[in-house]
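For reference, input_23.txt (compact mmCIF, C-alpha atoms):
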```txt
# COMPACT_ATOMS: atom_id res chain seq x y z
CA MET G 13 28.09 -56.26 48.79
CA LYS G 14 26.38 -58.37 46.15
CA ALA G 15 23.10 -56.64 46.91
CA ILE G 16 24.70 -53.22 46.45
CA ILE G 17 26.16 -54.24 43.09
CA ASN G 18 22.80 -55.63 41.97
CA CYS G 19 21.02 -52.46 43.07
CA SER G 20 23.56 -50.29 41.22
CA ALA G 21 23.15 -52.36 38.08
CA VAL G 22 19.37 -52.04 38.23
CA LEU G 23 19.63 -48.28 38.87
CA ALA G 24 22.07 -47.81 35.99
CA LEU G 25 19.78 -49.79 33.72
CA LEU G 26 16.80 -47.67 34.75
CA LEU G 27 18.71 -44.43 34.25
CA PHE G 28 20.21 -45.21 30.87
CA SER G 29 17.72 -47.65 29.35
CA THR G 30 15.73 -44.78 27.76
CA GLY G 31 18.80 -43.55 25.92
CA ILE G 32 20.42 -46.75 24.66
CA ASN G 33 19.12 -46.43 21.12
CA ALA G 34 18.06 -42.80 21.22
CA GLU G 35 19.43 -40.57 18.48
CA ILE G 36 17.95 -37.32 19.73
CA VAL G 37 20.43 -35.54 21.95
CA VAL G 38 19.92 -32.18 23.61
CA GLN G 39 23.09 -30.29 22.72
CA SER G 40 22.34 -27.11 24.58
CA VAL G 41 19.56 -25.40 26.46
CA LYS G 42 19.34 -21.64 26.87
CA GLY G 43 16.59 -20.34 29.12
CA GLN G 44 13.61 -22.49 29.99
CA ALA G 45 12.65 -25.49 27.93
CA SER G 46 10.78 -28.65 28.79
CA TYR G 47 9.83 -31.97 27.30
CA LYS G 48 6.71 -33.93 28.00
CA ALA G 49 7.09 -37.01 30.14
CA GLY G 50 3.68 -38.57 30.67
CA ASN G 51 1.37 -35.72 31.58
CA GLN G 52 4.09 -33.51 33.01
CA TRP G 53 6.49 -31.02 31.51
CA VAL G 54 10.01 -31.75 32.70
CA PRO G 55 12.93 -29.29 32.28
CA LEU G 56 15.38 -30.18 29.54
CA GLN G 57 19.05 -30.44 30.35
CA ASN G 58 22.23 -30.51 28.31
CA MET G 59 23.21 -33.88 26.84
CA MET G 60 19.85 -35.38 27.70
CA ARG G 61 18.74 -38.12 25.34
CA LEU G 62 15.17 -38.16 24.11
CA GLN G 63 13.17 -40.78 22.35
CA GLU G 64 11.22 -40.70 19.11
CA GLY G 65 7.88 -39.01 19.76
CA ALA G 66 9.36 -36.51 22.22
CA LYS G 67 7.41 -33.26 22.61
CA ILE G 68 9.45 -30.17 23.34
CA SER G 69 8.27 -26.73 24.37
CA THR G 70 10.39 -23.63 24.84
CA GLY G 71 9.70 -20.55 26.93
CA PRO G 72 10.27 -16.89 26.05
CA SER G 73 13.87 -15.99 25.09
CA SER G 74 14.76 -19.69 25.27
CA THR G 75 16.44 -21.90 22.73
CA VAL G 76 17.18 -25.61 22.53
CA VAL G 77 19.66 -27.16 20.12
CA LEU G 78 18.95 -30.79 19.29
CA LYS G 79 21.15 -33.21 17.44
CA ILE G 80 18.87 -35.56 15.55
CA ASN G 81 20.85 -38.22 13.75
CA LYS G 82 23.48 -36.05 12.07
CA HIS G 83 21.21 -33.05 11.70
CA THR G 84 20.93 -30.04 13.96
CA LEU G 85 17.58 -28.58 14.91
CA THR G 86 17.42 -25.31 16.81
CA VAL G 87 14.11 -24.87 18.56
CA ARG G 88 13.51 -21.15 18.95
CA PRO G 89 11.51 -19.30 21.64
CA LEU G 90 7.79 -19.98 22.21
CA THR G 91 7.87 -23.11 20.10
CA MET G 92 6.30 -26.51 20.49
CA ILE G 93 7.51 -29.44 18.40
CA LYS G 94 7.27 -33.18 18.28
CA VAL G 95 10.02 -35.38 16.89
CA ALA G 96 7.67 -37.72 15.08
CA GLU G 97 10.31 -39.89 13.44
CA SER G 98 14.03 -40.25 13.74
CA ARG G 99 15.65 -43.21 12.03
CA ASP G 100 19.16 -43.53 10.80
CA THR G 101 20.75 -46.43 8.91
CA ALA G 102 23.93 -46.74 6.89
CA ASP G 103 22.21 -45.69 3.66
CA SER G 104 19.17 -43.74 4.81
CA SER G 105 18.16 -41.09 7.28
CA ASN G 106 14.55 -40.27 8.06
CA THR G 107 13.56 -37.38 10.28
CA ARG G 108 10.10 -35.93 10.64
CA ILE G 109 9.31 -33.02 12.88
CA GLY G 110 5.83 -31.81 13.73
CA LEU G 111 5.78 -28.06 14.32
CA ARG G 112 2.72 -27.06 16.30
CA ARG G 113 3.72 -23.46 16.83
CA GLY G 114 6.76 -21.21 16.79
CA MET G 115 9.97 -21.42 14.83
CA VAL G 116 12.75 -23.92 14.19
CA ARG G 117 16.00 -23.71 12.32
CA ALA G 118 17.05 -26.92 10.63
CA SER G 119 20.56 -27.66 9.48
CA VAL G 120 20.53 -30.87 7.50
CA ASP G 121 23.62 -32.96 7.00
CA ARG G 122 23.97 -33.73 3.32
CA ASP G 123 25.73 -36.90 2.32
CA LYS G 124 25.21 -38.06 -1.26
CA ARG G 125 25.63 -41.69 -0.24
CA VAL G 126 22.79 -41.45 2.26
CA LYS G 127 19.17 -41.05 1.18
CA THR G 128 18.12 -38.23 3.48
CA VAL G 129 14.55 -37.26 4.25
CA PHE G 130 14.10 -34.34 6.60
CA LYS G 131 10.56 -33.04 6.84
CA VAL G 132 8.98 -30.41 9.01
CA SER G 133 5.20 -30.61 9.02
CA THR G 134 2.63 -28.08 10.15
CA PRO G 135 -1.18 -28.24 9.89
CA VAL G 136 -1.04 -26.39 6.54
CA ALA G 137 2.05 -27.66 4.73
CA THR G 138 5.21 -29.74 4.84
CA SER G 139 8.74 -28.63 4.17
CA SER G 140 11.24 -31.11 2.79
CA VAL G 141 14.81 -29.99 3.17
CA ARG G 142 17.00 -31.16 0.37
CA GLY G 143 19.96 -29.44 1.96
CA THR G 144 21.13 -27.69 3.89
CA GLU G 145 19.63 -24.98 6.07
CA GLU G 146 16.22 -23.39 6.57
CA ILE G 147 14.09 -21.56 9.09
CA ILE G 148 10.49 -22.69 9.41
CA SER G 149 7.78 -21.04 11.44
CA TYR G 150 4.11 -21.71 11.95
CA GLY G 151 1.26 -19.87 13.63
CA PRO G 152 -2.49 -19.58 13.14
CA GLY G 153 -2.29 -16.08 11.62
CA LEU G 154 0.69 -16.00 9.29
CA GLY G 155 0.59 -19.74 8.58
CA MET G 156 3.72 -21.63 7.59
CA VAL G 157 6.74 -19.61 6.54
CA ILE G 158 9.89 -21.23 5.15
CA ARG G 159 13.03 -19.14 4.82
CA VAL G 160 15.85 -20.78 2.92
CA ILE G 161 19.28 -20.03 4.31
CA GLN G 162 21.29 -22.42 2.19
CA GLY G 163 20.48 -25.10 -0.35
CA ASP G 164 17.01 -25.87 -1.59
CA VAL G 165 13.72 -26.74 0.02
CA GLU G 166 10.41 -28.04 -1.20
CA GLY G 167 7.22 -26.63 0.27
CA ASN G 168 4.20 -28.87 -0.15
CA ASN G 169 0.78 -27.77 1.08
CA THR G 170 -2.13 -30.01 2.04
CA ASN G 171 -3.69 -29.55 -1.43
CA GLY G 172 -0.58 -31.00 -3.04
CA ALA G 173 0.68 -27.71 -4.46
CA ASN G 174 4.48 -27.84 -4.51
CA LYS G 175 6.98 -25.00 -4.59
CA TYR G 176 10.72 -25.33 -4.89
CA LEU G 177 12.71 -22.74 -3.03
CA THR G 178 16.31 -21.76 -3.41
CA GLY G 179 18.37 -18.73 -2.61
CA ARG G 180 16.60 -16.27 -0.34
CA LEU G 181 13.06 -17.00 -1.42
CA ILE G 182 10.38 -17.22 1.23
CA TYR G 183 7.46 -19.62 1.16
CA ARG G 184 4.25 -18.56 2.88
CA GLN G 185 1.23 -20.80 3.19
CA LYS G 186 -1.73 -19.59 5.23
CA SER G 187 -4.41 -21.90 6.49
CA GLY G 188 -7.59 -21.86 4.45
CA THR G 189 -5.94 -20.77 1.21
CA PRO G 190 -5.42 -23.29 -1.59
CA TYR G 191 -2.06 -21.94 -2.77
CA PRO G 192 0.97 -20.38 -1.12
CA GLU G 193 1.74 -16.71 -1.71
CA PRO G 194 3.93 -15.83 -4.70
CA LEU G 195 7.53 -16.47 -3.75
CA LEU G 196 8.60 -12.94 -4.66
CA ALA G 197 5.86 -11.23 -2.64
CA ASP G 198 8.18 -10.83 0.29
CA VAL G 199 10.93 -9.19 -1.75
CA ILE G 200 8.53 -6.58 -3.08
CA ASP G 201 7.07 -5.96 0.39
CA GLN G 202 10.53 -5.57 1.84
CA ALA G 203 11.41 -3.07 -0.86
CA ILE G 204 8.34 -0.97 -0.13
CA VAL G 205 9.07 -1.01 3.60
CA ASP G 206 12.59 0.09 2.81
CA ILE G 207 11.36 3.12 0.89
CA MET G 208 9.05 4.26 3.64
CA GLY G 209 11.66 3.68 6.30
CA ARG G 210 14.31 5.73 4.55
CA GLY G 211 12.09 8.61 3.62
CA PHE G 212 13.87 10.99 1.27
CA ASN G 213 17.39 10.49 2.56
CA PHE G 214 18.96 9.48 -0.71
CA THR G 215 22.32 7.79 -0.89
CA PRO G 216 24.96 9.42 -3.13
CA ALA G 217 24.21 6.85 -5.86
CA GLU G 218 20.51 7.64 -5.66
CA GLN G 219 21.19 11.37 -5.78
CA GLN G 220 23.32 10.80 -8.87
CA ALA G 221 20.50 8.80 -10.44
CA TYR G 222 18.03 11.51 -9.48
CA GLY G 223 20.28 14.05 -11.13
CA MET G 224 20.31 12.00 -14.31
CA PHE G 225 16.65 11.06 -14.47
CA GLY G 226 14.99 13.53 -12.15
CA ASN G 227 13.68 15.66 -15.00
CA GLU G 228 11.63 12.80 -16.30
CA THR G 229 8.73 13.70 -14.09
CA GLY G 230 5.16 13.45 -15.10
CA ASN G 231 5.64 10.49 -17.41
CA LEU G 232 3.96 8.08 -14.98
CA THR G 233 6.56 5.38 -15.56
CA VAL G 234 6.45 2.58 -13.09
CA GLY G 235 8.82 -0.31 -13.54
CA ILE G 236 10.01 -3.32 -11.67
CA GLY G 237 12.74 -5.40 -13.21
CA ASN G 238 15.48 -7.79 -12.31
CA GLY G 239 18.51 -6.62 -14.18
CA VAL G 240 17.89 -8.03 -17.63
CA SER G 241 19.52 -5.11 -19.35
CA GLY G 242 22.31 -5.15 -16.80
CA HIS G 243 23.37 -1.53 -17.15
CA SER G 244 22.17 -0.39 -13.79
CA ALA G 245 23.57 -1.32 -10.42
CA PRO G 246 21.04 -2.75 -8.00
CA GLY G 247 18.86 -0.10 -6.48
CA THR G 248 20.62 2.90 -7.94
CA GLY G 249 18.70 3.54 -11.10
CA PRO G 250 15.08 4.37 -11.76
CA GLY G 251 12.88 1.76 -13.36
CA GLN G 252 12.59 2.22 -17.06
CA ASP G 253 9.78 0.17 -18.51
CA GLY G 254 10.65 -2.60 -16.09
CA ARG G 255 14.05 -3.25 -17.63
CA ASP G 256 16.43 -2.13 -14.93
CA ASN G 257 17.38 -3.65 -11.65
CA GLY G 258 16.26 -0.61 -9.77
CA ALA G 259 12.55 0.02 -10.03
CA GLY G 260 11.22 3.50 -10.18
CA ALA G 261 8.05 5.46 -10.26
CA SER G 262 8.20 9.07 -11.25
CA MET G 263 5.22 11.36 -11.23
CA SER G 264 4.97 14.99 -10.31
CA ASN G 265 7.74 15.73 -7.82
CA ILE G 266 7.73 12.33 -6.10
CA PHE G 267 10.63 10.06 -6.94
CA VAL G 268 10.65 6.56 -5.51
CA PHE G 269 13.32 3.89 -5.59
CA ILE G 270 12.66 0.26 -4.89
CA ARG G 271 15.86 -1.48 -3.93
CA TRP G 272 16.53 -5.17 -3.82
CA ASN G 273 18.41 -6.19 -0.72
CA PRO G 274 22.03 -7.26 -1.33
CA MET W 3 21.47 -39.79 73.30
CA GLU W 4 20.82 -36.05 73.13
CA SER W 5 23.68 -35.51 70.65
CA VAL W 6 22.32 -38.26 68.37
CA LYS W 7 18.92 -36.53 68.32
CA VAL W 8 20.54 -33.19 67.42
CA ALA W 9 22.56 -34.84 64.65
CA ASN W 10 19.40 -36.47 63.25
CA MET W 11 17.56 -33.17 63.35
CA LYS W 12 20.41 -31.50 61.49
CA LYS W 13 20.32 -34.20 58.81
CA LEU W 14 16.56 -33.87 58.47
CA PHE W 15 16.87 -30.08 58.18
CA ILE W 16 19.53 -30.39 55.44
CA ILE W 17 17.42 -32.90 53.50
CA LEU W 18 14.31 -30.72 53.75
CA THR W 19 16.27 -27.64 52.64
CA LEU W 20 17.65 -29.55 49.65
CA ILE W 21 14.20 -30.79 48.67
CA MET W 22 12.71 -27.29 48.95
CA THR W 23 15.56 -25.72 46.95
CA ALA W 24 15.24 -28.34 44.23
CA GLY W 25 11.47 -27.84 44.18
CA THR W 26 11.84 -24.08 43.79
CA ALA W 27 14.46 -24.47 41.05
CA TRP W 28 12.20 -26.97 39.27
CA SER W 29 9.16 -24.71 39.42
CA GLN W 30 11.24 -21.71 38.23
CA ALA W 31 12.48 -23.74 35.27
CA VAL W 32 9.04 -25.02 34.32
CA ALA W 33 6.81 -22.01 35.21
CA PRO W 34 7.40 -19.86 32.07
CA VAL W 35 7.00 -22.91 29.84
CA ASN W 36 3.78 -23.84 31.63
CA PHE W 37 2.53 -20.27 31.21
CA VAL W 38 3.32 -20.41 27.50
CA ASN W 39 1.62 -23.79 27.08
CA GLN W 40 -1.48 -22.65 28.95
CA LEU W 41 -1.56 -19.44 26.93
CA GLY W 42 -1.30 -21.49 23.73
CA ASP W 43 -4.50 -23.32 24.68
CA LYS W 44 -6.48 -20.15 25.42
CA LYS W 45 -9.17 -19.26 22.91
CA GLN W 46 -9.12 -15.62 24.05
CA ALA W 47 -5.98 -13.94 25.32
CA THR W 48 -6.27 -11.04 27.76
CA PHE W 49 -4.36 -7.80 28.08
CA GLY W 50 -2.77 -9.25 31.23
CA ASP W 51 -1.44 -12.18 29.18
CA ALA W 52 0.09 -9.74 26.69
CA VAL W 53 1.79 -7.79 29.48
CA THR W 54 3.18 -10.97 31.06
CA ILE W 55 4.43 -12.53 27.83
CA TYR W 56 5.98 -9.23 26.76
CA LEU W 57 7.92 -8.95 30.00
CA LEU W 58 9.04 -12.58 29.78
CA THR W 59 10.16 -11.98 26.20
CA LEU W 60 12.24 -9.06 27.40
CA GLY W 61 13.86 -11.37 29.95
CA LYS W 62 12.16 -9.81 32.97
CA ASP W 63 10.15 -11.56 35.66
CA PRO W 64 6.50 -10.52 35.97
CA LYS W 65 5.70 -9.06 39.40
CA GLY W 66 1.98 -8.43 39.22
CA PHE W 67 -0.13 -6.59 36.66
CA ASN W 68 0.20 -3.01 37.95
CA ILE W 69 3.98 -3.23 38.46
CA ASP W 70 4.37 -4.90 35.06
CA VAL W 71 2.34 -2.17 33.35
CA GLN W 72 4.53 0.45 35.02
CA ALA W 73 7.64 -1.38 33.83
CA LEU W 74 6.38 -1.53 30.24
CA THR W 75 5.31 2.12 30.40
CA GLY W 76 8.80 3.00 31.58
CA MET W 77 10.23 1.21 28.56
CA GLY W 78 7.92 3.13 26.23
CA ILE W 79 6.00 0.00 25.19
CA LEU W 80 2.77 1.16 26.87
CA LYS W 81 1.42 4.68 27.06
CA ASP W 82 -1.54 5.98 29.06
CA ASN W 83 -2.84 2.48 29.70
CA ASP W 84 -6.56 2.24 30.48
CA TYR W 85 -6.93 -1.51 30.04
CA LYS W 86 -7.45 -3.94 32.88
CA ALA W 87 -5.71 -7.31 33.20
CA ASP W 88 -8.80 -9.23 32.14
CA THR W 89 -9.67 -7.02 29.16
CA PRO W 90 -9.96 -9.27 26.09
CA LEU W 91 -6.90 -8.71 23.92
CA ARG W 92 -7.49 -7.24 20.48
CA ARG W 93 -5.09 -7.05 17.57
CA GLY W 94 -4.78 -3.29 17.87
CA MET W 95 -3.73 -3.46 21.52
CA ILE W 96 -0.83 -5.85 20.96
CA ALA W 97 0.01 -4.11 17.65
CA ASN W 98 0.44 -0.82 19.49
CA MET W 99 2.81 -2.43 22.00
CA VAL W 100 4.82 -4.10 19.24
CA ALA W 101 4.97 -0.97 17.07
CA ARG W 102 6.24 1.10 20.00
CA HIS W 103 8.76 -1.53 21.05
CA LEU W 104 10.17 -2.18 17.57
CA LYS W 105 9.80 1.49 16.61
CA LEU W 106 7.96 0.59 13.43
CA GLY W 107 8.25 3.88 11.65
CA ASP W 108 7.41 2.59 8.20
CA SER W 109 3.78 3.61 8.45
CA LEU W 110 3.40 7.33 7.83
CA PHE W 111 -0.03 7.40 9.44
CA TYR W 112 1.23 5.53 12.50
CA ASN W 113 3.98 8.09 12.87
CA ILE W 114 1.43 10.88 12.72
CA PHE W 115 -1.46 9.47 14.76
CA GLY W 116 0.09 6.64 16.78
CA THR W 117 -3.27 4.89 17.10
CA GLU W 118 -4.00 1.18 17.38
CA ARG W 119 -5.48 1.23 13.90
CA TYR W 120 -2.25 2.39 12.26
CA ALA W 121 -0.09 0.34 14.62
CA PHE W 122 -1.94 -2.69 13.25
CA ARG W 123 -1.22 -1.53 9.68
CA ALA W 124 2.45 -1.02 10.57
CA CYS W 125 2.61 -4.57 11.97
CA ILE W 126 1.05 -5.92 8.76
CA ALA W 127 3.62 -4.06 6.69
CA ALA W 128 6.36 -5.56 8.86
CA ARG W 129 4.85 -9.03 8.31
CA LEU W 130 4.27 -9.46 12.02
CA MET W 131 0.52 -9.86 11.63
CA GLU W 132 -1.78 -11.14 8.93
CA ALA W 133 -3.47 -8.58 6.74
CA GLU W 134 -6.96 -10.00 7.06
CA GLY W 135 -9.20 -8.68 9.81
CA SER W 136 -9.06 -5.45 11.75
CA GLU W 137 -7.54 -3.97 14.85
CA TRP W 138 -10.79 -4.76 16.71
CA ASP W 139 -10.48 -8.53 16.27
CA ASP W 140 -9.98 -10.55 19.42
CA ILE W 141 -6.95 -12.79 19.36
CA SER W 142 -6.28 -16.21 20.83
CA GLY W 143 -3.36 -17.21 23.01
CA GLU W 144 -1.77 -19.05 20.09
CA GLU W 145 -1.97 -15.95 17.88
CA LEU W 146 -0.38 -13.89 20.64
CA LEU W 147 2.46 -16.42 20.87
CA GLU W 148 2.89 -16.27 17.09
CA ILE W 149 3.22 -12.49 17.20
CA MET W 150 5.70 -12.62 20.08
CA SER W 151 7.69 -15.30 18.28
CA SER W 152 7.92 -13.01 15.24
CA VAL W 153 8.94 -10.12 17.50
CA GLU W 154 11.74 -12.22 19.02
CA TYR W 155 12.94 -13.22 15.55
CA ARG W 156 12.90 -9.63 14.36
CA LEU W 157 14.82 -8.48 17.41
CA GLU W 158 17.43 -11.14 16.74
CA VAL W 159 17.72 -10.18 13.08
CA GLN W 160 18.05 -6.50 14.05
CA LYS W 161 21.01 -7.36 16.31
```
Structure encoded using structure tokens:
Amino acid sequence: MKAIINCSAVLALLLFSTGINAEIVVQSVKGQASYKAGNQWVPLQNMMRLQEGAKISTGPSSTVVLKINKHTLTVRPLTMIKVAESRDTADSSNTRIGLRRGMVRASVDRDKRVKTVFKVSTPVATSSVRGTEEIISYGPGLGMVIRVIQGDVEGNNTNGANKYLTGRLIYRQKSGTPYPEPLLADVIDQAIVDIMGRGFNFTPAEQQAYGMFGNETGNLTVGIGNGVSGHSAPGTGPGQDGRDNGAGASMSNIFVFIRWNP
Amino acid sequence: MESVKVANMKKLFIILTLIMTAGTAWSQAVAPVNFVNQLGDKKQATFGDAVTIYLLTLGKDPKGFNIDVQALTGMGILKDNDYKADTPLRRGMIANMVARHLKLGDSLFYNIFGTERYAFRACIAARLMEAEGSEWDDISGEELLEIMSSVEYRLEVQK
């Protein structure tokens, strides 16, 4: 009987010793995901506890949600990460994630009494979340992309060039380039894609605007503005010398609207 | 004596069945991740890799190159495929698959010609591929994974 109890105690110790002080908990696994144990990839399971330095890889259409200290990290499909640091004390919280490829969504718990550092590093740049939510991706072609969902984020490339991001700005840093792309580049690109995608199917507001300004053809006016004058609703008016929220180009019989997404 | 032997055989059979089932479940859980990790280390991806990863991304199990190509053709992702499984993958080839799948209609020229060249341009406009280079560039396994990761994200956003 004594031997059985001793064996059980040793087994329990072996089973749970890796998780006694671990703060990385697998909250959910969808699809196929593994972590590296030695030289082998082992399937991840719900409520599994991982240690600092854990490498995680997800398969296609697979997602893993990790609870790291009080933060939530969603590891998206085709991603490989390493939890490089995970320390939590009463007044500080340090988390560093290495993103080798793919995409993660970080939701950072913000407590003013706790000095929180949450960094996601890639070979080209590091993102520091100041709160509270962001999506970060990295690949060899498009480089590091940071999409801010909520709060503000600092993007810091390997040359030391910093960018502060808030709202819906997107940070893009490619490898081999000294500076990240302009933060508004994505907004302009999106607007152009929107025009091409919609063709000439104008909304009623656009038709109204066309009726008002459609005769001003041939004046070669091209404008992009951000609502300084404030007398035009977003995306419904033509650009006039870059003053209005809608941006327009009118020449010959082509009339183009650039709309900012709501 | 005979009944004890039969009972032992039964036990052994059950244990072996359990081990084999667990082994199969284990390999099924790890196989796609292993494929992805091996693909990530490849300096040159092949057309076969693209077909496999595309099917896996769509939540379907690959069943061999020819069957997989037929499946993707049926879904409209491939059309008149002349490539072999070991053909080195170029940007234009994967761009054409992506543009068909996501119905990237933003490129006027892609809508007209439907070629790999304009599929590549459509993917650049959709921020799925980098603008530098051409549709003839070979791509690595890691680049292929990056593109597929962007495709998955876009599909999720579209939902």
Check every residue of chain W for an atom within 10 Å of chain G, counting only C-alpha atoms, and provide those that qualify as a ChimeraX atom specification. /W:28-39,42,55-61,106-110,124,127-134,141-142,144-152,154-155
The selected residues should be written to file as an mmCIF file, in the frame of the given file (atoms: C-alpha atoms).
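Contents of result.cif, freshly written:
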```
data_model
loop_
_atom_site.group_PDB
_atom_site.id
_atom_site.type_symbol
_atom_site.label_atom_id
_atom_site.label_comp_id
_atom_site.auth_asym_id
_atom_site.auth_seq_id
_atom_site.Cartn_x
_atom_site.Cartn_y
_atom_site.Cartn_z
ATOM 1 C CA TRP W 28 12.200 -26.970 39.270
ATOM 2 C CA SER W 29 9.160 -24.710 39.420
ATOM 3 C CA GLN W 30 11.240 -21.710 38.230
ATOM 4 C CA ALA W 31 12.480 -23.740 35.270
ATOM 5 C CA VAL W 32 9.040 -25.020 34.320
ATOM 6 C CA ALA W 33 6.810 -22.010 35.210
ATOM 7 C CA PRO W 34 7.400 -19.860 32.070
ATOM 8 C CA VAL W 35 7.000 -22.910 29.840
ATOM 9 C CA ASN W 36 3.780 -23.840 31.630
ATOM 10 C CA PHE W 37 2.530 -20.270 31.210
ATOM 11 C CA VAL W 38 3.320 -20.410 27.500
ATOM 12 C CA ASN W 39 1.620 -23.790 27.080
ATOM 13 C CA GLY W 42 -1.300 -21.490 23.730
ATOM 14 C CA ILE W 55 4.430 -12.530 27.830
ATOM 15 C CA TYR W 56 5.980 -9.230 26.760
ATOM 16 C CA LEU W 57 7.920 -8.950 30.000
ATOM 17 C CA LEU W 58 9.040 -12.580 29.780
ATOM 18 C CA THR W 59 10.160 -11.980 26.200
ATOM 19 C CA LEU W 60 12.240 -9.060 27.400
ATOM 20 C CA GLY W 61 13.860 -11.370 29.950
ATOM 21 C CA LEU W 106 7.960 0.590 13.430
ATOM 22 C CA GLY W 107 8.250 3.880 11.650
ATOM 23 C CA ASP W 108 7.410 2.590 8.200
ATOM 24 C CA SER W 109 3.780 3.610 8.450
ATOM 25 C CA LEU W 110 3.400 7.330 7.830
ATOM 26 C CA ALA W 124 2.450 -1.020 10.570
ATOM 27 C CA ALA W 127 3.620 -4.060 6.690
ATOM 28 C CA ALA W 128 6.360 -5.560 8.860
ATOM 29 C CA ARG W 129 4.850 -9.030 8.310
ATOM 30 C CA LEU W 130 4.270 -9.460 12.020
ATOM 31 C CA MET W 131 0.520 -9.860 11.630
ATOM 32 C CA GLU W 132 -1.780 -11.140 8.930
ATOM 33 C CA ALA W 133 -3.470 -8.580 6.740
ATOM 34 C CA GLU W 134 -6.960 -10.000 7.060
ATOM 35 C CA ILE W 141 -6.950 -12.790 19.360
ATOM 36 C CA SER W 142 -6.280 -16.210 20.830
ATOM 37 C CA GLU W 144 -1.770 -19.050 20.090
ATOM 38 C CA GLU W 145 -1.970 -15.950 17.880
ATOM 39 C CA LEU W 146 -0.380 -13.890 20.640
ATOM 40 C CA LEU W 147 2.460 -16.420 20.870
ATOM 41 C CA GLU W 148 2.890 -16.270 17.090
ATOM 42 C CA ILE W 149 3.220 -12.490 17.200
ATOM 43 C CA MET W 150 5.700 -12.620 20.080
ATOM 44 C CA SER W 151 7.690 -15.300 18.280
ATOM 45 C CA SER W 152 7.920 -13.010 15.240
ATOM 46 C CA GLU W 154 11.740 -12.220 19.020
ATOM 47 C CA TYR W 155 12.940 -13.220 15.550
#
```
I'd like the interatomic distance between atom CA of G:Lys48 and atom CA of G:Thr107, to a tenth of an Å.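 Separation of atom CA of G:Lys48 and atom CA of G:Thr107: 19.3 Å.
For the atom pair formed by atom CA of G:Asp103 and atom CA of G:Val129, the distance is 11.4 Å, given to one decimal.
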What is the atom CA of G:Gly163 to atom CA of W:Lys161 distance in Å? 24.3 Å
For G:Thr178, work out the shell of residues within 9 Å, counting only C-alpha atoms and skipping chain neighbours fewer than 4 positions away, then give it as a list in words. Val160, Ile161, Gln162, Gly163, Asp164, Val165, Glu166 and Ile182 of chain G
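Minimum atom-to-atom distances from G:Pro135, G:Gly50, G:Gly167, G:Gly179 to G:Pro192 were compared using all atoms listed in the file, and the lowest value belongs to G:Gly167.
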Residues near W:Met77, cut-off 10 Å, all atoms listed in the file, skip fewer than 5 positions along chain, as a ChimeraX atom specification: /W:71-72,102-103
Given only C-alpha atoms as the counted atoms, nearest of W:Gly76, W:Ile16, W:Ala87, W:Asp82 to W:Asp51: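 Checking each candidate against W:Asp51, we get W:Ala87 as the closest.
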Residues within 6 Å of G:Val136, all atoms listed in the file, excluding chain neighbours under 6 positions, as a list in words: Asn169, Thr170 and Ser187 of chain G
Residues within 8 Å of (20.5, -26.6, 5.9), counting all atoms listed in the file, listed as a PyMOL selection string: chain G and resi 118-121+141-146+161-163
